[in-house]
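Have a look at the structure below, then the notes.
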2 protein chains.
Amino acid sequence: MRTQLEEQVLEEIRPGPAERKHIADVAGQLLEIARSLGGAEAMIVGSVARDTWIHGDRDLDLFLLFDPELTRQDLEERGLALAKEIAGKMGASYLQKYAEHPYINATVDGLDVDIVPCFRVESAAHIRSAVDRTPFHTRYIQDRIGPYVDDVLLLKLFTKAGGVYGSDQMTEGFSGYLCELLVLSCRGFHGLLESAAGWRPGTLIDPEDHRTKDFSEPLVMVDPVDPGRNVSASVSLDRMFEFVELARGYLEAPSPLFFFLPDDDSLTKEDLLQALREKGTVLLGLSFPTPPYIADIVVPQLRRSLDAVRALLERNGFVVHAAGCEMQDLSCILLFELAGGSVPPARRHTGPPVWNQMNADKFSLKYRDGPTTQLLSGPFIEDGRYIVEIRRRYTDAGDLLRSPEVLEVSLGKHVRMSLEKGWEVNRDGDCWSAGSAPFITRFFRRESPLTRIRRLGKIRK
Amino acid sequence: MRTQLEEQVLEEIRPGPAERKHIADVAGQLLEIARSLGGAEAMIVGSVARDTWIHGDRDLDLFLLFDPELTRQDLEERGLALAKEIAGKMGASYLQKYAEHPYINATVDGLDVDIVPCFRVESAAHIRSAVDRTPFHTRYIQDRIGPYVDDVLLLKLFTKAGGVYGSDQMTEGFSGYLCELLVLSCRGFHGLLESAAGWRPGTLIDPEDHRTKDFSEPLVMVDPVDPGRNVSASVSLDRMFEFVELARGYLEAPSPLFFFLPDDDSLTKEDLLQALREKGTVLLGLSFPTPPYIADIVVPQLRRSLDAVRALLERNGFVVHAAGCEMQDLSCILLFELAGGSVPPARRHTGPPVWNQMNADKFSLKYRDGPTTQLLSGPFIEDGRYIVEIRRRYTDAGDLLRSPEVLEVSLGKHVRMSLEKGWEVNRDGDCWSAGSAPFITRFFRRESPLTRIRRLGKIRK
């Protein structure tokens, strides 16, 4: 049972006949060339093969399945050679790219085609590389998805508009395969939303009832082709419950906004300054050139750096109201909203318990007889421990973030290497730029996806 | 083995022959009158009876020990009548006062004489009122203190100058009886200091080796006349280790300052303002009329109120650097040193986990559809919970302390009654008055007693 709204949405997103024919033709040519060249089994995988692609998608994945007896090196050499030959025969321009293995990315008749060599393993439990699993996923979905193709389209659009689609490190959301499995296991889009409205952390779905281990992630979808793998391992607690909230919100009051968010409504610099005045907080941005690595490597380091610099600010007495980070093409930014930009010079410093005489004497000697410029009061005794009040090194948060202390905290390797060449610290309105505006807006508005939809719904009325 | 310094100190504090004779004469007359009147056994107790009083002390305690068969009411009536008759025959002016029972406080020949009725019980384990124990203490000490009288004098002076003498609620320090027992059990002043230098929390001294229970206080001196009582129950962890620190400091570098602190060296108002500028902190004082009860009732309530108001400040976003209180004759004061006097209007407010649907919906409805003047951002989801940013009611700490919220926190009964009639809030220099200067000075300097002695020692040089 689909609503009128959903039917209208589907009208807009189902690929049209010409589009289908175009992709089917290209796929057919690719398969034909591959088969004529031989050396590997050729297979179209991904959403095109599963018929779960959205109008306008231009992605096509051709997998080349090689004999699993080959060495990895042989696979890479023969695989790349075959992939290049196929691209050449299609008359396509192409690039060599890398995931776990090298592969070819070609542009064919306006389509973005990945040609990926992998091993033709016996079962998904015997994979030698992550890509070996994909053919199994495709076959599993192809065999079952028929009645639910429209539901998958709706769910993909719903999760995209809600900002929870994507299993990459930055999004920490729902992959396409997960969307397909969720629709299958709940028998459709509505069944899923009703189920999700009641999800709790630790929710477990095991379609083949063959789980071989315990998973610790908040949402567990046991891979039907691999009992030891959680398909939703990438989904963070917050993305999971943003989806839960969206499901509840949609069931309560459906609206096209759940499928198509309006264009960018970023804050202008003036909006930002006005909002900062109203909140009384201080914004500090630390930016540096993006390390030359893929997002799945850089983003976790960026998150760790964010936590470490946040802890540095807190250790120095600043109250951090919120913190966020973004990896952009050219630069990465760590953003902090503070309750205030400066702290008083005096800070408490707790020493050892007085009954630990050796350490107590050392502490007392250091401060009582040390340079009086540093000591502001004490030592005194509180809860049996020595305490002193000493002068802070940094009373301004900007000075601290500009100081070498930043390099002392636990940054990731590539973030550190990039920072060592220098970084920039901006405050309040100076954090804003056209490029960073969408990130700053998300950071500063701090809305859950449903909150955003409700706000935009009110504006629309 | 006493040092030359200690001998000099003793010269100054031993009561002189005329003083001894005067007190002995008055004590003799009191005993003679009491015995001639009959009805109770009369006994001089306290430091005079034990010969452990300091030159200049003017306190004399006459206890009247009544038949334990009497009812409490009979004791009070007959005891007061006899005490008044004794005071009258001495030609003294007197007042009736109250501890657990009423007693008479008389001024006789320039001496401050307490005449206290009590029960003549069989043993200290059978007391009917706390004062019944005193005669047992006096007899126990009298029998043993002979060789250590000078050591007790030194220790009393040492603990007084160090600010750790007194078992009242405000001081939480060492009683005179505890000083006597410590000197006895460590065979002298030096023995005690050497022992105390190594004390740890839970140090146990049981002179009669007859303890009948476990005590939880940091220092335990089992009462030699009552195996179920800890004589040092009043000693707080901090007073205990201030004494430990004094002992170590004296053993390392003795000085007359450990016995005689120079006169008041309080901060002037200008000193205070200068120090506040240097530290960058803000001082706020909340003062109100002292409730008409004794310190042992008011002070614990004052401490509880201090903790509660401190928590109120912290709940409202203020960083409390230090807090202290004092009960003075006319007014009580709660003093707070804050990292800053104001906070930004925005504050985070954490709601329920999203999976708790009923509460989550209630929360979201309240803020998402509530008055927009209160909501600054959100709801958003963090660690699976709803969070909003809302406008604070109070952004100025002084406004908060002047608000009725103060009456909502857990104050003691008498403090609340006094506050309900009104209170005053002062900031920075306005907290200072001649009367509060010594307290503000101690609060603001925050020195352990040894730190103070060392500082004064440097000035002296």
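A note on labels: chains of the structure tokens are A, B, ... as shown, every chain counts residues from 1, and ligands are counted from 1 in their shown order.
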
Return as a short mmCIF file (atom, residue, chain, number, x, y, z; two decimals) with N, CA and C atoms, in the first residue's frame the residues belonging to chain B that are within 8 Å of chain A, counting only C-alpha atoms.
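That gives us iface_36.cif:
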```
data_model
loop_
_atom_site.label_atom_id
_atom_site.label_comp_id
_atom_site.auth_asym_id
_atom_site.auth_seq_id
_atom_site.Cartn_x
_atom_site.Cartn_y
_atom_site.Cartn_z
N GLY B 198 54.47 10.75 59.70
CA GLY B 198 54.20 9.58 58.86
C GLY B 198 52.75 9.12 58.88
N TRP B 199 51.87 9.92 59.48
CA TRP B 199 50.46 9.49 59.54
C TRP B 199 49.86 9.31 58.16
N ARG B 200 48.92 8.38 58.08
CA ARG B 200 48.12 8.16 56.88
C ARG B 200 46.66 8.18 57.29
N PRO B 201 45.74 8.35 56.34
CA PRO B 201 44.33 8.30 56.73
C PRO B 201 44.03 6.93 57.33
N LEU B 237 39.87 15.38 57.73
CA LEU B 237 41.05 14.94 56.96
C LEU B 237 42.00 16.12 56.74
N ASP B 238 41.45 17.30 56.42
CA ASP B 238 42.32 18.43 56.10
C ASP B 238 43.02 18.96 57.34
N PHE B 241 45.87 16.61 58.18
CA PHE B 241 47.09 16.69 57.37
C PHE B 241 47.72 18.08 57.40
N GLU B 242 46.96 19.07 57.82
CA GLU B 242 47.62 20.35 58.11
C GLU B 242 48.53 20.17 59.33
N GLU B 245 51.58 18.30 58.20
CA GLU B 245 52.47 19.18 57.47
C GLU B 245 53.24 20.10 58.44
N GLU B 278 44.79 40.61 39.47
CA GLU B 278 45.89 39.74 39.07
C GLU B 278 45.39 38.34 38.71
N LYS B 279 44.45 37.82 39.51
CA LYS B 279 43.95 36.47 39.27
C LYS B 279 42.91 36.43 38.17
N GLY B 280 42.24 37.56 37.94
CA GLY B 280 41.23 37.59 36.89
C GLY B 280 39.93 36.92 37.29
N THR B 281 39.77 36.65 38.59
CA THR B 281 38.55 35.99 39.07
C THR B 281 37.57 37.01 39.63
N HIS B 321 35.65 28.56 41.32
CA HIS B 321 37.06 28.36 41.57
C HIS B 321 37.30 27.96 43.02
N ALA B 339 35.39 31.82 38.07
CA ALA B 339 36.27 32.07 36.93
C ALA B 339 35.76 33.26 36.12
N GLY B 340 34.47 33.53 36.19
CA GLY B 340 33.90 34.69 35.51
C GLY B 340 32.53 34.98 36.08
N VAL B 343 27.94 34.20 32.03
CA VAL B 343 27.99 33.07 31.10
C VAL B 343 27.16 33.44 29.88
N PRO B 344 27.41 32.78 28.73
CA PRO B 344 26.63 33.11 27.53
C PRO B 344 25.17 32.67 27.71
N PRO B 345 24.25 33.34 27.00
CA PRO B 345 22.83 32.99 27.13
C PRO B 345 22.52 31.53 26.74
N ALA B 346 23.30 30.96 25.83
CA ALA B 346 22.97 29.61 25.35
C ALA B 346 23.48 28.54 26.31
N ARG B 347 22.62 27.56 26.58
CA ARG B 347 23.12 26.41 27.32
C ARG B 347 22.57 25.12 26.71
N ARG B 348 23.36 24.06 26.81
CA ARG B 348 22.93 22.75 26.35
C ARG B 348 22.02 22.13 27.37
N VAL B 354 16.64 8.66 22.37
CA VAL B 354 15.60 8.67 21.34
C VAL B 354 14.80 7.36 21.37
N TRP B 355 15.43 6.25 21.82
CA TRP B 355 14.70 4.97 21.80
C TRP B 355 13.64 4.89 22.90
N GLN B 357 10.67 6.14 23.36
CA GLN B 357 9.85 6.94 22.47
C GLN B 357 8.91 7.90 23.19
N ARG B 368 10.48 21.62 20.18
CA ARG B 368 10.37 21.91 18.76
C ARG B 368 9.16 22.81 18.50
N LEU B 376 17.23 27.87 21.22
CA LEU B 376 18.26 28.48 20.38
C LEU B 376 18.72 27.54 19.27
N SER B 377 18.78 26.24 19.54
CA SER B 377 19.01 25.29 18.45
C SER B 377 18.62 23.89 18.88
N GLY B 378 18.41 23.02 17.86
CA GLY B 378 17.99 21.65 18.10
C GLY B 378 16.50 21.51 17.99
N PRO B 379 15.94 20.39 18.43
CA PRO B 379 16.65 19.24 18.98
C PRO B 379 17.58 18.58 17.96
N PHE B 380 18.73 18.12 18.47
CA PHE B 380 19.60 17.27 17.67
C PHE B 380 19.94 16.05 18.52
N ILE B 381 20.61 15.09 17.88
CA ILE B 381 20.86 13.81 18.55
C ILE B 381 22.34 13.65 18.80
N GLU B 382 22.73 13.39 20.03
CA GLU B 382 24.14 13.16 20.35
C GLU B 382 24.22 11.98 21.30
N ASP B 383 25.04 11.00 20.95
CA ASP B 383 25.15 9.77 21.73
C ASP B 383 23.77 9.16 21.95
N GLY B 384 22.93 9.27 20.95
CA GLY B 384 21.61 8.64 21.01
C GLY B 384 20.57 9.41 21.80
N ARG B 391 17.84 29.12 26.04
CA ARG B 391 18.29 30.38 26.63
C ARG B 391 18.33 30.23 28.15
N ARG B 445 43.76 33.97 50.39
CA ARG B 445 45.17 33.55 50.34
C ARG B 445 45.28 32.05 50.17
N ARG B 446 44.31 31.32 50.80
CA ARG B 446 44.31 29.86 50.70
C ARG B 446 45.71 29.28 50.93
N GLU B 447 46.21 29.49 52.16
CA GLU B 447 47.50 28.92 52.53
C GLU B 447 47.26 27.80 53.52
N SER B 448 48.01 26.73 53.42
CA SER B 448 48.02 25.79 54.54
C SER B 448 48.76 26.51 55.67
N THR B 451 52.35 26.86 54.94
CA THR B 451 52.62 27.85 53.90
C THR B 451 52.63 29.25 54.50
#
```

Exercise for the section: List every residue of segment 56-267 of chain B that DSSP, applied to the backbone of this structure, assigns to helix (DSSP H, G or I), and report them as a PyMOL selection string. Expected result: chain B and resi 72-89+124-126+130-144+146-161+176-185+189-196+237-252+256-258

Write out as a JSON list (two decimals) with C-alpha atoms, in the first residue's frame the set of residues from segment 128-307 of chain A that DSSP, computed on the backbone, places in strand (DSSP E).
```json
[["chain", "number", "residue", "atom", "x", "y", "z"],
["A", 203, "THR", "CA", 18.64, -4.14, 17.35],
["A", 204, "LEU", "CA", 19.52, -7.36, 15.50],
["A", 205, "ILE", "CA", 18.27, -8.51, 12.08],
["A", 219, "LEU", "CA", 22.46, -1.78, 14.66],
["A", 220, "VAL", "CA", 23.23, -5.30, 13.45],
["A", 221, "MET", "CA", 22.20, -6.64, 10.03],
["A", 222, "VAL", "CA", 23.91, -10.00, 9.63],
["A", 223, "ASP", "CA", 25.10, -10.34, 6.04],
["A", 226, "ASP", "CA", 28.53, -14.01, 5.32],
["A", 227, "PRO", "CA", 27.41, -15.01, 8.85],
["A", 228, "GLY", "CA", 30.43, -13.31, 10.44],
["A", 229, "ARG", "CA", 29.81, -9.83, 9.02],
["A", 230, "ASN", "CA", 27.58, -6.95, 10.17],
["A", 282, "VAL", "CA", 32.63, 32.35, 20.59],
["A", 283, "LEU", "CA", 33.49, 30.42, 17.43],
["A", 284, "LEU", "CA", 37.05, 29.33, 16.72],
["A", 285, "GLY", "CA", 38.13, 27.52, 13.57],
["A", 286, "LEU", "CA", 41.45, 25.76, 13.06],
["A", 287, "SER", "CA", 42.13, 24.98, 9.41],
["A", 288, "PHE", "CA", 44.95, 23.35, 7.51],
["A", 289, "PRO", "CA", 45.57, 21.81, 4.06]]
```

Handout entry: d(atom CA of Leu65 of chain A, atom CA of Ile294 of chain A) in Å
Key =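 Between these atoms lies a distance of 25.7 Å.
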
Quick one: everything within 12 Å of Asp329 of chain B, counting only C-alpha atoms, minus sequence neighbours fewer than 4 positions away in the same chain. Send it as a PDB file with all heavy atoms, in the first residue's frame.
```pdb
ATOM      1  N   PHE B 288      23.789  37.081  55.285  1.00  0.00           N
ATOM      2  CA  PHE B 288      22.465  37.136  55.915  1.00  0.00           C
ATOM      3  C   PHE B 288      22.658  37.082  57.426  1.00  0.00           C
ATOM      4  O   PHE B 288      23.714  36.644  57.909  1.00  0.00           O
ATOM      5  CB  PHE B 288      21.589  35.980  55.427  1.00  0.00           C
ATOM      6  CG  PHE B 288      22.207  34.624  55.627  1.00  0.00           C
ATOM      7  CD1 PHE B 288      21.915  33.864  56.755  1.00  0.00           C
ATOM      8  CD2 PHE B 288      23.099  34.112  54.697  1.00  0.00           C
ATOM      9  CE1 PHE B 288      22.491  32.621  56.945  1.00  0.00           C
ATOM     10  CE2 PHE B 288      23.682  32.868  54.883  1.00  0.00           C
ATOM     11  CZ  PHE B 288      23.381  32.119  55.997  1.00  0.00           C
ATOM     12  N   PRO B 289      21.638  37.516  58.181  1.00  0.00           N
ATOM     13  CA  PRO B 289      21.784  37.547  59.638  1.00  0.00           C
ATOM     14  C   PRO B 289      22.029  36.142  60.187  1.00  0.00           C
ATOM     15  O   PRO B 289      21.406  35.179  59.742  1.00  0.00           O
ATOM     16  CB  PRO B 289      20.441  38.084  60.126  1.00  0.00           C
ATOM     17  CG  PRO B 289      19.816  38.738  58.945  1.00  0.00           C
ATOM     18  CD  PRO B 289      20.321  38.022  57.745  1.00  0.00           C
ATOM     19  N   THR B 290      22.936  36.037  61.147  1.00  0.00           N
ATOM     20  CA  THR B 290      23.237  34.737  61.757  1.00  0.00           C
ATOM     21  C   THR B 290      22.022  34.209  62.518  1.00  0.00           C
ATOM     22  O   THR B 290      21.448  34.919  63.335  1.00  0.00           O
ATOM     23  CB  THR B 290      24.432  34.892  62.714  1.00  0.00           C
ATOM     24  OG1 THR B 290      25.573  35.268  61.942  1.00  0.00           O
ATOM     25  CG2 THR B 290      24.724  33.596  63.446  1.00  0.00           C
ATOM     26  N   PRO B 291      21.594  32.981  62.236  1.00  0.00           N
ATOM     27  CA  PRO B 291      20.470  32.402  62.979  1.00  0.00           C
ATOM     28  C   PRO B 291      20.808  32.355  64.479  1.00  0.00           C
ATOM     29  O   PRO B 291      21.975  32.118  64.837  1.00  0.00           O
ATOM     30  CB  PRO B 291      20.343  30.985  62.405  1.00  0.00           C
ATOM     31  CG  PRO B 291      21.042  31.020  61.079  1.00  0.00           C
ATOM     32  CD  PRO B 291      22.124  32.043  61.226  1.00  0.00           C
ATOM     33  N   PRO B 292      19.833  32.567  65.357  1.00  0.00           N
ATOM     34  CA  PRO B 292      20.120  32.664  66.803  1.00  0.00           C
ATOM     35  C   PRO B 292      20.317  31.308  67.448  1.00  0.00           C
ATOM     36  O   PRO B 292      19.553  30.921  68.346  1.00  0.00           O
ATOM     37  CB  PRO B 292      18.882  33.388  67.343  1.00  0.00           C
ATOM     38  CG  PRO B 292      17.777  33.003  66.397  1.00  0.00           C
ATOM     39  CD  PRO B 292      18.412  32.751  65.058  1.00  0.00           C
ATOM     40  N   TYR B 293      21.302  30.546  66.994  1.00  0.00           N
ATOM     41  CA  TYR B 293      21.605  29.230  67.571  1.00  0.00           C
ATOM     42  C   TYR B 293      23.107  29.108  67.707  1.00  0.00           C
ATOM     43  O   TYR B 293      23.864  29.889  67.134  1.00  0.00           O
ATOM     44  CB  TYR B 293      21.045  28.114  66.684  1.00  0.00           C
ATOM     45  CG  TYR B 293      19.550  28.153  66.617  1.00  0.00           C
ATOM     46  CD1 TYR B 293      18.904  28.936  65.672  1.00  0.00           C
ATOM     47  CD2 TYR B 293      18.777  27.441  67.538  1.00  0.00           C
ATOM     48  CE1 TYR B 293      17.521  29.014  65.624  1.00  0.00           C
ATOM     49  CE2 TYR B 293      17.391  27.504  67.498  1.00  0.00           C
ATOM     50  CZ  TYR B 293      16.763  28.299  66.543  1.00  0.00           C
ATOM     51  OH  TYR B 293      15.406  28.381  66.513  1.00  0.00           O
ATOM     52  N   ILE B 294      23.547  28.079  68.480  1.00  0.00           N
ATOM     53  CA  ILE B 294      24.985  27.932  68.707  1.00  0.00           C
ATOM     54  C   ILE B 294      25.685  27.451  67.426  1.00  0.00           C
ATOM     55  O   ILE B 294      25.070  26.871  66.537  1.00  0.00           O
ATOM     56  CB  ILE B 294      25.299  26.952  69.872  1.00  0.00           C
ATOM     57  CG1 ILE B 294      24.719  25.559  69.568  1.00  0.00           C
ATOM     58  CG2 ILE B 294      24.794  27.493  71.187  1.00  0.00           C
ATOM     59  CD1 ILE B 294      25.233  24.483  70.494  1.00  0.00           C
ATOM     60  N   ALA B 295      26.992  27.701  67.403  1.00  0.00           N
ATOM     61  CA  ALA B 295      27.780  27.418  66.202  1.00  0.00           C
ATOM     62  C   ALA B 295      27.688  25.952  65.784  1.00  0.00           C
ATOM     63  O   ALA B 295      27.642  25.642  64.594  1.00  0.00           O
ATOM     64  CB  ALA B 295      29.240  27.801  66.434  1.00  0.00           C
ATOM     65  N   VAL B 298      24.582  25.835  63.748  1.00  0.00           N
ATOM     66  CA  VAL B 298      24.532  26.676  62.546  1.00  0.00           C
ATOM     67  C   VAL B 298      25.598  26.282  61.521  1.00  0.00           C
ATOM     68  O   VAL B 298      25.316  26.226  60.322  1.00  0.00           O
ATOM     69  CB  VAL B 298      24.666  28.168  62.938  1.00  0.00           C
ATOM     70  CG1 VAL B 298      24.780  29.037  61.680  1.00  0.00           C
ATOM     71  CG2 VAL B 298      23.487  28.601  63.791  1.00  0.00           C
ATOM     72  N   ILE B 333      28.310  34.465  56.123  1.00  0.00           N
ATOM     73  CA  ILE B 333      28.675  34.812  54.758  1.00  0.00           C
ATOM     74  C   ILE B 333      29.070  33.547  53.989  1.00  0.00           C
ATOM     75  O   ILE B 333      29.772  32.687  54.501  1.00  0.00           O
ATOM     76  CB  ILE B 333      29.795  35.881  54.748  1.00  0.00           C
ATOM     77  CG1 ILE B 333      30.191  36.273  53.331  1.00  0.00           C
ATOM     78  CG2 ILE B 333      31.022  35.427  55.503  1.00  0.00           C
ATOM     79  CD1 ILE B 333      30.966  37.581  53.287  1.00  0.00           C
ATOM     80  N   GLY B 435      35.059  43.712  59.444  1.00  0.00           N
ATOM     81  CA  GLY B 435      34.690  42.508  60.180  1.00  0.00           C
ATOM     82  C   GLY B 435      34.988  41.235  59.411  1.00  0.00           C
ATOM     83  O   GLY B 435      35.393  40.226  59.993  1.00  0.00           O
ATOM     84  N   SER B 436      34.797  41.282  58.091  1.00  0.00           N
ATOM     85  CA  SER B 436      34.981  40.055  57.316  1.00  0.00           C
ATOM     86  C   SER B 436      36.402  39.915  56.790  1.00  0.00           C
ATOM     87  O   SER B 436      36.750  38.881  56.206  1.00  0.00           O
ATOM     88  CB  SER B 436      33.991  40.033  56.151  1.00  0.00           C
ATOM     89  OG  SER B 436      34.289  41.079  55.246  1.00  0.00           O
TER      90      SER B 436
END
```
